[in-house]
>>> print(open('upload.txt').read())   # compact mmCIF, C-alpha atoms and all ligand atoms
# COMPACT_ATOMS: atom_id res chain seq x y z
CA MET A 9 -182.07 -0.80 -56.01
CA SER A 10 -179.35 1.67 -55.34
CA SER A 11 -179.94 5.13 -56.67
CA SER A 12 -177.00 7.20 -57.74
CA VAL A 13 -176.95 10.96 -57.77
CA SER A 14 -175.29 12.55 -60.75
CA ILE A 15 -173.43 15.63 -59.65
CA GLY A 16 -172.78 16.67 -63.25
CA PRO A 17 -170.58 19.48 -64.45
CA ALA A 18 -170.19 22.43 -62.09
CA GLN A 19 -172.83 25.03 -62.77
CA HIS A 20 -171.47 28.45 -63.62
CA SER A 21 -172.33 30.51 -60.59
CA PRO A 22 -171.07 33.91 -59.51
CA ILE A 23 -170.98 32.59 -55.94
CA GLY A 24 -167.60 30.94 -55.35
CA THR A 25 -165.88 33.46 -57.61
CA THR A 26 -162.74 34.89 -56.07
CA LEU A 27 -162.01 38.59 -56.22
CA GLU A 28 -159.05 37.84 -58.47
CA ARG A 29 -161.19 35.86 -60.94
CA HIS A 30 -163.85 38.59 -60.87
CA LEU A 31 -161.24 41.23 -61.74
CA LEU A 32 -159.75 39.10 -64.52
CA ASP A 33 -163.21 38.42 -66.02
CA ARG A 34 -163.88 42.15 -66.10
CA GLN A 35 -160.43 42.89 -67.53
CA ARG A 36 -161.09 40.48 -70.41
CA GLN A 37 -164.31 42.34 -71.23
CA MET A 38 -162.22 45.47 -71.91
CA PRO A 39 -160.06 44.85 -74.97
CA ARG A 40 -157.74 47.79 -74.22
CA ALA A 41 -157.14 46.91 -70.56
CA THR A 42 -153.44 46.51 -69.74
CA GLY A 43 -153.83 44.64 -66.46
CA ASP A 44 -152.62 47.65 -64.48
CA PHE A 45 -155.95 48.10 -62.72
CA THR A 46 -156.18 44.40 -61.88
CA GLY A 47 -152.59 44.51 -60.56
CA LEU A 48 -153.31 47.51 -58.35
CA PHE A 49 -156.45 45.88 -57.02
CA GLN A 50 -154.58 42.71 -56.15
CA GLN A 51 -152.14 44.77 -54.09
CA ILE A 52 -155.01 46.53 -52.31
CA SER A 53 -156.62 43.17 -51.54
CA LEU A 54 -153.29 41.82 -50.24
CA ALA A 55 -152.96 44.87 -47.97
CA ALA A 56 -156.53 44.28 -46.76
CA LYS A 57 -155.69 40.65 -45.90
CA ILE A 58 -152.60 41.71 -43.95
CA ILE A 59 -154.48 44.45 -42.07
CA GLY A 60 -157.44 42.12 -41.42
CA SER A 61 -155.13 39.45 -40.03
CA ARG A 62 -153.49 41.95 -37.69
CA VAL A 63 -156.85 43.43 -36.63
CA SER A 64 -158.17 39.97 -35.73
CA LYS A 65 -155.17 39.37 -33.45
CA ALA A 66 -154.92 42.94 -32.16
CA GLY A 67 -155.54 42.05 -28.52
CA LEU A 68 -152.78 39.43 -28.65
CA SER A 69 -150.11 41.18 -30.66
CA GLY A 70 -149.35 44.19 -28.48
CA ILE A 71 -150.69 46.55 -31.11
CA LEU A 72 -153.66 47.99 -29.22
CA GLY A 73 -153.45 51.54 -27.94
CA ARG A 74 -152.01 54.83 -29.10
CA THR A 75 -148.64 55.73 -30.56
CA GLY A 76 -148.51 58.93 -28.49
CA THR A 77 -148.57 61.16 -31.62
CA THR A 78 -151.39 63.04 -33.38
CA ASN A 79 -152.15 62.99 -37.11
CA VAL A 80 -152.81 65.90 -39.48
CA GLN A 81 -156.40 66.04 -38.25
CA GLY A 82 -155.13 66.55 -34.68
CA GLU A 83 -156.46 63.10 -33.72
CA GLN A 84 -154.60 60.57 -31.55
CA VAL A 85 -152.88 58.02 -33.79
CA GLN A 86 -153.53 54.40 -32.84
CA LYS A 87 -150.75 51.87 -33.43
CA LEU A 88 -153.04 50.01 -35.85
CA ASP A 89 -153.58 53.24 -37.85
CA ASP A 90 -149.83 53.44 -38.37
CA PHE A 91 -149.58 49.75 -39.20
CA ALA A 92 -152.44 49.91 -41.73
CA ASN A 93 -151.02 53.02 -43.39
CA ALA A 94 -147.54 51.50 -43.74
CA THR A 95 -149.00 48.23 -45.04
CA ILE A 96 -150.91 49.93 -47.86
CA VAL A 97 -148.01 52.22 -48.81
CA ASN A 98 -145.44 49.38 -48.81
CA THR A 99 -147.70 46.97 -50.68
CA VAL A 100 -148.77 49.42 -53.39
CA GLU A 101 -145.69 51.58 -54.02
CA ALA A 102 -143.54 48.80 -55.45
CA GLY A 103 -146.22 47.60 -57.88
CA GLY A 104 -145.64 50.29 -60.50
CA HIS A 105 -149.35 51.03 -60.93
CA VAL A 106 -149.64 54.36 -59.07
CA CYS A 107 -147.76 57.66 -59.33
CA VAL A 108 -148.84 59.20 -56.01
CA MET A 109 -150.99 58.34 -52.99
CA GLY A 110 -152.95 60.32 -50.40
CA SER A 111 -153.73 59.03 -46.92
CA GLU A 112 -155.64 60.27 -43.92
CA GLU A 113 -152.51 59.66 -41.86
CA VAL A 114 -150.06 61.63 -44.02
CA GLU A 115 -150.08 65.41 -44.42
CA GLY A 116 -148.94 65.72 -48.05
CA PRO A 117 -148.83 63.58 -51.19
CA ILE A 118 -147.06 60.22 -50.74
CA GLN A 119 -144.47 60.02 -53.52
CA ILE A 120 -143.40 56.76 -55.14
CA PRO A 121 -139.68 56.09 -54.53
CA SER A 122 -137.60 56.63 -57.68
CA GLU A 123 -136.52 52.98 -57.88
CA TYR A 124 -140.12 52.02 -58.77
CA PRO A 125 -142.07 52.86 -61.95
CA GLN A 126 -144.46 55.83 -61.77
CA GLY A 127 -147.80 54.29 -62.73
CA LYS A 128 -150.91 55.72 -64.32
CA TYR A 129 -153.23 55.57 -61.30
CA VAL A 130 -153.69 57.63 -58.14
CA LEU A 131 -154.70 55.95 -54.88
CA GLN A 132 -156.31 57.69 -51.90
CA PHE A 133 -157.21 55.91 -48.71
CA ASP A 134 -158.24 56.06 -45.11
CA PRO A 135 -156.17 53.11 -43.83
CA LEU A 136 -158.20 52.45 -40.70
CA ASP A 137 -161.50 54.25 -40.51
CA GLY A 138 -163.25 54.29 -37.13
CA SER A 139 -160.02 53.72 -35.24
CA GLY A 140 -161.78 54.82 -32.04
CA ASN A 141 -163.38 51.33 -32.22
CA ILE A 142 -160.10 49.39 -32.26
CA ASP A 143 -159.67 48.96 -28.52
CA ILE A 144 -163.26 47.78 -27.99
CA ASN A 145 -163.24 45.15 -30.75
CA ALA A 146 -166.01 46.83 -32.78
CA SER A 147 -166.08 47.13 -36.58
CA ILE A 148 -163.49 49.26 -38.36
CA GLY A 149 -162.54 49.54 -42.01
CA THR A 150 -160.35 50.74 -44.86
CA ILE A 151 -161.73 53.09 -47.54
CA PHE A 152 -160.07 53.72 -50.91
CA SER A 153 -160.56 55.35 -54.28
CA ILE A 154 -158.64 55.18 -57.55
CA HIS A 155 -158.34 57.96 -60.14
CA ARG A 156 -156.37 58.18 -63.38
CA ARG A 157 -153.41 60.52 -63.18
CA LEU A 158 -153.62 64.01 -64.73
CA THR A 159 -149.89 64.77 -64.88
CA PRO A 160 -147.70 63.36 -67.71
CA ASP A 161 -147.00 59.62 -67.76
CA GLY A 162 -143.76 58.46 -66.24
CA THR A 163 -143.25 61.53 -64.05
CA PRO A 164 -143.83 61.63 -60.27
CA GLY A 165 -147.46 62.37 -59.38
CA THR A 166 -148.37 65.63 -57.64
CA LEU A 167 -151.09 67.20 -55.51
CA ARG A 168 -152.95 68.00 -58.75
CA ASP A 169 -153.46 64.26 -59.31
CA LEU A 170 -154.96 63.93 -55.84
CA LEU A 171 -157.35 66.89 -56.01
CA GLN A 172 -159.88 65.31 -58.38
CA PRO A 173 -163.65 65.21 -57.91
CA GLY A 174 -165.45 61.97 -57.08
CA SER A 175 -167.12 62.05 -60.50
CA ASP A 176 -163.71 61.12 -62.01
CA ILE A 177 -163.20 58.10 -59.73
CA VAL A 178 -162.32 54.95 -61.71
CA ALA A 179 -163.05 52.61 -58.82
CA ALA A 180 -163.76 52.90 -55.11
CA GLY A 181 -164.25 50.47 -52.31
CA TYR A 182 -163.95 49.64 -48.68
CA VAL A 183 -163.02 46.74 -46.48
CA VAL A 184 -164.98 46.20 -43.30
CA TYR A 185 -163.21 44.30 -40.53
CA GLY A 186 -166.22 42.99 -38.64
CA SER A 187 -167.78 39.70 -37.62
CA SER A 188 -166.44 38.66 -41.02
CA ASN A 189 -164.18 40.73 -43.24
CA MET A 190 -165.68 42.00 -46.47
CA LEU A 191 -164.33 43.92 -49.44
CA VAL A 192 -166.95 45.90 -51.36
CA TYR A 193 -166.04 47.73 -54.58
CA SER A 194 -167.44 49.34 -57.67
CA THR A 195 -166.17 50.66 -60.98
CA GLY A 196 -169.37 52.69 -61.26
CA ASP A 197 -171.74 50.28 -62.98
CA GLN A 198 -172.59 47.99 -60.05
CA VAL A 199 -171.41 47.25 -56.51
CA ASP A 200 -170.09 43.80 -55.58
CA GLY A 201 -169.23 42.47 -52.12
CA PHE A 202 -166.67 39.75 -51.33
CA THR A 203 -166.39 37.93 -48.02
CA TYR A 204 -162.98 36.79 -46.80
CA ASP A 205 -162.54 33.09 -46.13
CA PRO A 206 -159.60 32.91 -43.71
CA GLY A 207 -159.22 29.16 -44.31
CA VAL A 208 -158.57 29.69 -48.01
CA GLY A 209 -157.03 33.16 -47.74
CA GLU A 210 -159.25 34.62 -50.46
CA PHE A 211 -162.13 37.06 -50.85
CA PHE A 212 -165.12 35.27 -52.44
CA LEU A 213 -168.03 36.95 -54.18
CA SER A 214 -170.88 36.80 -51.67
CA HIS A 215 -172.99 39.89 -52.46
CA PRO A 216 -173.19 40.37 -56.24
CA ASN A 217 -174.82 43.57 -57.53
CA ILE A 218 -175.76 45.21 -54.22
CA ARG A 219 -178.77 47.51 -54.66
CA ILE A 220 -179.75 49.91 -51.92
CA PRO A 221 -183.48 49.89 -51.07
CA GLN A 222 -185.44 52.93 -52.28
CA ARG A 223 -186.39 53.62 -48.65
CA GLY A 224 -185.19 52.12 -45.38
CA SER A 225 -186.20 52.27 -41.73
CA ILE A 226 -182.91 53.18 -40.02
CA TYR A 227 -181.23 56.56 -39.47
CA SER A 228 -177.58 56.79 -38.50
CA ILE A 229 -176.17 59.97 -37.00
CA ASN A 230 -174.21 61.04 -33.90
CA GLU A 231 -177.20 62.44 -32.04
CA GLY A 232 -174.92 63.70 -29.27
CA ASN A 233 -174.20 66.63 -31.62
CA TYR A 234 -177.91 67.62 -31.71
CA HIS A 235 -177.43 70.99 -30.03
CA GLY A 236 -174.76 72.01 -32.57
CA TRP A 237 -176.88 71.32 -35.67
CA THR A 238 -178.89 73.76 -37.76
CA GLU A 239 -182.58 73.97 -36.97
CA GLY A 240 -183.36 72.13 -40.22
CA VAL A 241 -181.30 69.07 -39.24
CA GLN A 242 -182.75 69.11 -35.72
CA LYS A 243 -186.29 69.18 -37.15
CA TRP A 244 -185.49 66.28 -39.49
CA VAL A 245 -184.23 64.11 -36.58
CA ASP A 246 -187.27 65.07 -34.48
CA TRP A 247 -189.47 64.04 -37.40
CA ILE A 248 -187.73 60.81 -38.35
CA LYS A 249 -187.93 59.31 -34.88
CA ALA A 250 -191.53 60.36 -34.28
CA PRO A 251 -194.27 57.86 -35.25
CA SER A 252 -197.15 59.32 -37.20
CA GLU A 253 -200.18 58.13 -39.13
CA ASN A 254 -198.09 57.80 -42.29
CA LYS A 255 -194.91 56.31 -40.93
CA ARG A 256 -193.37 54.30 -38.12
CA ALA A 257 -190.55 55.83 -36.09
CA TYR A 258 -187.17 55.05 -37.68
CA ARG A 259 -184.65 53.01 -35.69
CA LEU A 260 -181.31 54.59 -34.76
CA ARG A 261 -178.03 52.72 -35.39
CA TYR A 262 -174.62 54.39 -35.09
CA ILE A 263 -171.34 52.58 -34.47
CA GLY A 264 -169.02 55.56 -35.13
CA ALA A 265 -167.14 54.00 -38.05
CA MET A 266 -168.35 55.30 -41.39
CA VAL A 267 -167.46 52.05 -43.14
CA ALA A 268 -169.68 49.97 -40.87
CA ASP A 269 -172.54 52.49 -40.80
CA VAL A 270 -172.54 52.92 -44.60
CA HIS A 271 -172.15 49.16 -45.15
CA ARG A 272 -175.34 48.55 -43.18
CA THR A 273 -177.04 51.40 -45.05
CA LEU A 274 -176.10 49.88 -48.42
CA LEU A 275 -177.46 46.46 -47.47
CA ARG A 276 -180.50 47.41 -45.41
CA GLY A 277 -181.32 50.90 -46.66
CA GLY A 278 -181.92 54.03 -44.62
CA ILE A 279 -179.68 57.03 -44.21
CA PHE A 280 -176.24 57.91 -42.82
CA VAL A 281 -175.66 61.57 -41.97
CA TYR A 282 -172.73 63.58 -40.60
CA PRO A 283 -173.89 67.19 -40.95
CA ALA A 284 -172.03 70.39 -40.20
CA ASP A 285 -172.35 71.54 -36.58
CA THR A 286 -171.12 74.45 -34.51
CA LYS A 287 -167.87 72.56 -33.75
CA ASN A 288 -167.33 71.03 -37.22
CA LYS A 289 -168.38 73.87 -39.50
CA GLN A 290 -167.59 71.93 -42.70
CA GLY A 291 -168.73 68.61 -41.23
CA LYS A 292 -166.24 66.11 -39.86
CA LEU A 293 -165.73 63.57 -42.62
CA ARG A 294 -162.94 63.95 -45.15
CA LEU A 295 -163.98 64.45 -48.77
CA LEU A 296 -161.27 62.64 -50.68
CA TYR A 297 -160.84 59.37 -48.80
CA GLU A 298 -164.13 59.03 -46.87
CA ALA A 299 -167.08 60.91 -48.40
CA SER A 300 -166.26 60.68 -52.14
CA PRO A 301 -165.48 56.94 -52.32
CA MET A 302 -168.55 56.13 -50.22
CA ALA A 303 -170.72 58.48 -52.33
CA PHE A 304 -169.44 56.71 -55.46
CA LEU A 305 -170.47 53.33 -54.04
CA VAL A 306 -173.83 54.54 -52.75
CA GLU A 307 -174.71 56.09 -56.13
CA ALA A 308 -173.53 52.98 -58.01
CA ALA A 309 -175.91 50.96 -55.79
CA GLY A 310 -178.83 53.26 -56.70
CA GLY A 311 -178.64 55.61 -53.71
CA THR A 312 -178.05 59.33 -53.22
CA ALA A 313 -175.13 61.20 -51.63
CA SER A 314 -175.25 64.93 -50.95
CA ASP A 315 -173.40 67.52 -48.86
CA GLY A 316 -176.77 69.20 -48.22
CA ASP A 317 -176.62 71.36 -51.37
CA ARG A 318 -175.07 69.30 -54.15
CA ARG A 319 -173.94 65.79 -55.07
CA ILE A 320 -170.77 64.96 -53.14
CA LEU A 321 -169.28 63.58 -56.36
CA THR A 322 -169.39 67.03 -58.00
CA ILE A 323 -167.37 68.82 -55.30
CA GLU A 324 -164.06 70.13 -56.69
CA PRO A 325 -161.51 69.50 -53.93
CA LYS A 326 -159.21 72.34 -52.91
CA GLU A 327 -157.24 70.58 -50.16
CA LEU A 328 -156.09 67.06 -49.45
CA HIS A 329 -157.75 66.84 -46.05
CA GLN A 330 -160.86 68.89 -46.89
CA ARG A 331 -164.02 68.05 -44.93
CA THR A 332 -167.63 67.92 -46.07
CA PRO A 333 -171.08 67.37 -44.58
CA VAL A 334 -172.59 64.03 -45.65
CA PHE A 335 -176.17 62.85 -46.26
CA MET A 336 -176.15 59.46 -47.99
CA GLY A 337 -178.33 56.41 -48.41
CA SER A 338 -181.71 55.37 -49.80
CA PRO A 339 -182.98 57.97 -52.29
CA ASP A 340 -186.31 58.62 -50.52
CA ASP A 341 -184.67 58.94 -47.10
CA VAL A 342 -182.03 61.36 -48.35
CA ALA A 343 -184.71 63.41 -50.14
CA ASP A 344 -186.66 63.69 -46.85
CA ALA A 345 -183.55 64.78 -44.93
CA LEU A 346 -182.61 67.39 -47.52
CA ARG A 347 -186.13 68.80 -47.55
CA PHE A 348 -185.79 69.57 -43.84
CA ALA A 349 -182.10 70.57 -43.96
CA ARG A 350 -182.65 73.08 -46.77
CA ALA A 351 -185.82 74.64 -45.31
P1 LIG B 401 -161.87 57.86 -36.46
O1 LIG B 401 -161.25 57.07 -37.60
O2 LIG B 401 -160.97 58.95 -35.97
O3 LIG B 401 -162.40 57.00 -35.35
O4 LIG B 401 -163.12 58.64 -37.09
C1 LIG B 401 -164.14 57.92 -37.64
C2 LIG B 401 -164.95 58.84 -38.48
O5 LIG B 401 -164.14 59.58 -39.35
C3 LIG B 401 -166.02 58.10 -39.26
O6 LIG B 401 -165.65 56.81 -39.61
C4 LIG B 401 -167.20 58.11 -38.33
O7 LIG B 401 -168.43 58.03 -39.01
C5 LIG B 401 -167.05 59.42 -37.61
O8 LIG B 401 -165.67 59.74 -37.65
C6 LIG B 401 -167.49 59.33 -36.18
O9 LIG B 401 -167.36 60.58 -35.61
P2 LIG B 401 -168.05 60.93 -34.19
O10 LIG B 401 -167.27 60.16 -33.16
O11 LIG B 401 -167.88 62.42 -34.07
O12 LIG B 401 -169.48 60.53 -34.27
>>> encode(input="upload.txt", output="structure tokens", more="lines below")
Ligand code: AFP
Amino acid sequence: MSSSVSIGPAQHSPIGTTLERHLLDRQRQMPRATGDFTGLFQQISLAAKIIGSRVSKAGLSGILGRTGTTNVQGEQVQKLDDFANATIVNTVEAGGHVCVMGSEEVEGPIQIPSEYPQGKYVLQFDPLDGSGNIDINASIGTIFSIHRRLTPDGTPGTLRDLLQPGSDIVAAGYVVYGSSNMLVYSTGDQVDGFTYDPGVGEFFLSHPNIRIPQRGSIYSINEGNYHGWTEGVQKWVDWIKAPSENKRAYRLRYIGAMVADVHRTLLRGGIFVYPADTKNKQGKLRLLYEASPMAFLVEAAGGTASDGDRRILTIEPKELHQRTPVFMGSPDDVADALRFARA
């Protein structure tokens, strides 16, 4: 007797949901939503696909190496940094959803050309974080955050729109260009991760509702800076890697791209730290387009993010390219680090 298998109607499952569908579902849950946010997000995801495609062919397309110029941070600009920055600006500016943008690669506010509408959102981004990794084919990423504008509707956005604390972020996310490309974002309630399927050309929900473990077993820090740290931070690192009766020694992982190091921290738990040191007195990482968006994601996933004294999200920015020390990750691990750092 032949047995037949009834496949039946497709089960509703969050897996297999595209980023676009996910955004539309959420938009429909908000009766007053205009579609502006969804539109902006679609442009960001398009930019991420274009950048990801170029990154994956970087060794073949003559785009490895430096441009020969330095950016506002005094760092060597890689050709892919320039490409990623131009891709995001060109993709987003014409959409009519933002009134001003801020980028790691550009000194001042990026105005929206007058032929396009001045939208109600403000976009900040680090187009290619960890660009030191480009030439060695290691993970890099894009980080972004979205705020509502403060200046009057319809007018060009200003620096005032950009200098907003992380607590006022509407949505933040990152794209990691790694062994697969992933887009992870949050609007503050939960954190969802989407993996890019290059065959289909879409991001699919693969990591719904990411929750960071309460405690991990990995610490992530550039230990080459040890001699420049405060005594408190040195004592914490000495402690965390020493086995004792109560704990095993933590493992060290550090790739030098915040996106990749924080992505691992979100999924596996543990702690990512870039403290102040004698060379980088305010820390190295930039508040508006690195620390704040990542702090927003880490907190939305149940973690903690501090500059050593206060929540990163409460810092009132004074400058576009302001830096801040960073301690972020599993709540128990961050609490341990702060206990030492503050002593
Ligand atoms: P680049 O984008 O200039 O490579 O900087 C990356 C970064 O801002 C951040 O992603 C890393 O966590 C951090 O710097 C690495 O800095 P160190 O090389 O000083 O450890």
>>> atom_distance(input="upload.txt", atom1="atom CA of Ala284 of chain A", atom2="atom CA of Thr332 of chain A")
7.7 Å
>>> residues_near_ligand(input="upload.txt", ligand="ligand LIG 401 (chain B)", cutoff="7 Å", atoms="all atoms listed in the file", output="list in words")
Glu83, Leu136, Asp137, Gly138, Ser139, Gly140, Asn141, Asn230, Gly264, Ala265, Met266, Val267, Lys292 and Leu293 of chain A
>>> residues_around(input="upload.txt", residues="Ala299 of chain A", least_positions_apart="2", cutoff="9 Å", atoms="all atoms listed in the file", output="tab-separated table (two decimals) with C-alpha atoms, in the coordinates of the input")
chain	number	residue	atom	x	y	z
A	174	GLY	CA	-165.45	61.97	-57.08
A	293	LEU	CA	-165.73	63.57	-42.62
A	294	ARG	CA	-162.94	63.95	-45.15
A	295	LEU	CA	-163.98	64.45	-48.77
A	296	LEU	CA	-161.27	62.64	-50.68
A	297	TYR	CA	-160.84	59.37	-48.80
A	301	PRO	CA	-165.48	56.94	-52.32
A	302	MET	CA	-168.55	56.13	-50.22
A	303	ALA	CA	-170.72	58.48	-52.33
A	304	PHE	CA	-169.44	56.71	-55.46
A	313	ALA	CA	-175.13	61.20	-51.63
A	320	ILE	CA	-170.77	64.96	-53.14
A	321	LEU	CA	-169.28	63.58	-56.36
A	331	ARG	CA	-164.02	68.05	-44.93
A	332	THR	CA	-167.63	67.92	-46.07
A	333	PRO	CA	-171.08	67.37	-44.58
A	334	VAL	CA	-172.59	64.03	-45.65
>>> atom_distance(input="upload.txt", atom1="atom CA of Ile151 of chain A", atom2="atom CA of Gly116 of chain A")
18.0 Å
>>> residues_around(input="upload.txt", residues="segment 31-42 of chain A", least_positions_apart="4", cutoff="12 Å", atoms="only C-alpha atoms", output="ChimeraX atom specification")
/A:22,25-27,46-50,53,105,127-128,179,193-195,197,200,202,211-213
>>> write_last_selection(input="upload.txt", atoms="C-alpha atoms", output="compact mmCIF listing (two decimals), in the coordinates of the input")
# COMPACT_ATOMS: atom_id res chain seq x y z
CA PRO A 22 -171.07 33.91 -59.51
CA THR A 25 -165.88 33.46 -57.61
CA THR A 26 -162.74 34.89 -56.07
CA LEU A 27 -162.01 38.59 -56.22
CA THR A 46 -156.18 44.40 -61.88
CA GLY A 47 -152.59 44.51 -60.56
CA LEU A 48 -153.31 47.51 -58.35
CA PHE A 49 -156.45 45.88 -57.02
CA GLN A 50 -154.58 42.71 -56.15
CA SER A 53 -156.62 43.17 -51.54
CA HIS A 105 -149.35 51.03 -60.93
CA GLY A 127 -147.80 54.29 -62.73
CA LYS A 128 -150.91 55.72 -64.32
CA ALA A 179 -163.05 52.61 -58.82
CA TYR A 193 -166.04 47.73 -54.58
CA SER A 194 -167.44 49.34 -57.67
CA THR A 195 -166.17 50.66 -60.98
CA ASP A 197 -171.74 50.28 -62.98
CA ASP A 200 -170.09 43.80 -55.58
CA PHE A 202 -166.67 39.75 -51.33
CA PHE A 211 -162.13 37.06 -50.85
CA PHE A 212 -165.12 35.27 -52.44
CA LEU A 213 -168.03 36.95 -54.18
>>> atom_distance(input="upload.txt", atom1="atom CA of Gly162 of chain A", atom2="atom CA of Gly104 of chain A")
10.2 Å
>>> residues_around(input="upload.txt", residues="Met109 of chain A", least_positions_apart="4", cutoff="7 Å", atoms="only C-alpha atoms", output="ChimeraX atom specification")
/A:117-119,130-132
>>> residues_around(input="upload.txt", residues="Ile323 of chain A", least_positions_apart="6", cutoff="9 Å", atoms="only C-alpha atoms", output="MDAnalysis selection string")
chainID A and resid 172:175 295 300 315
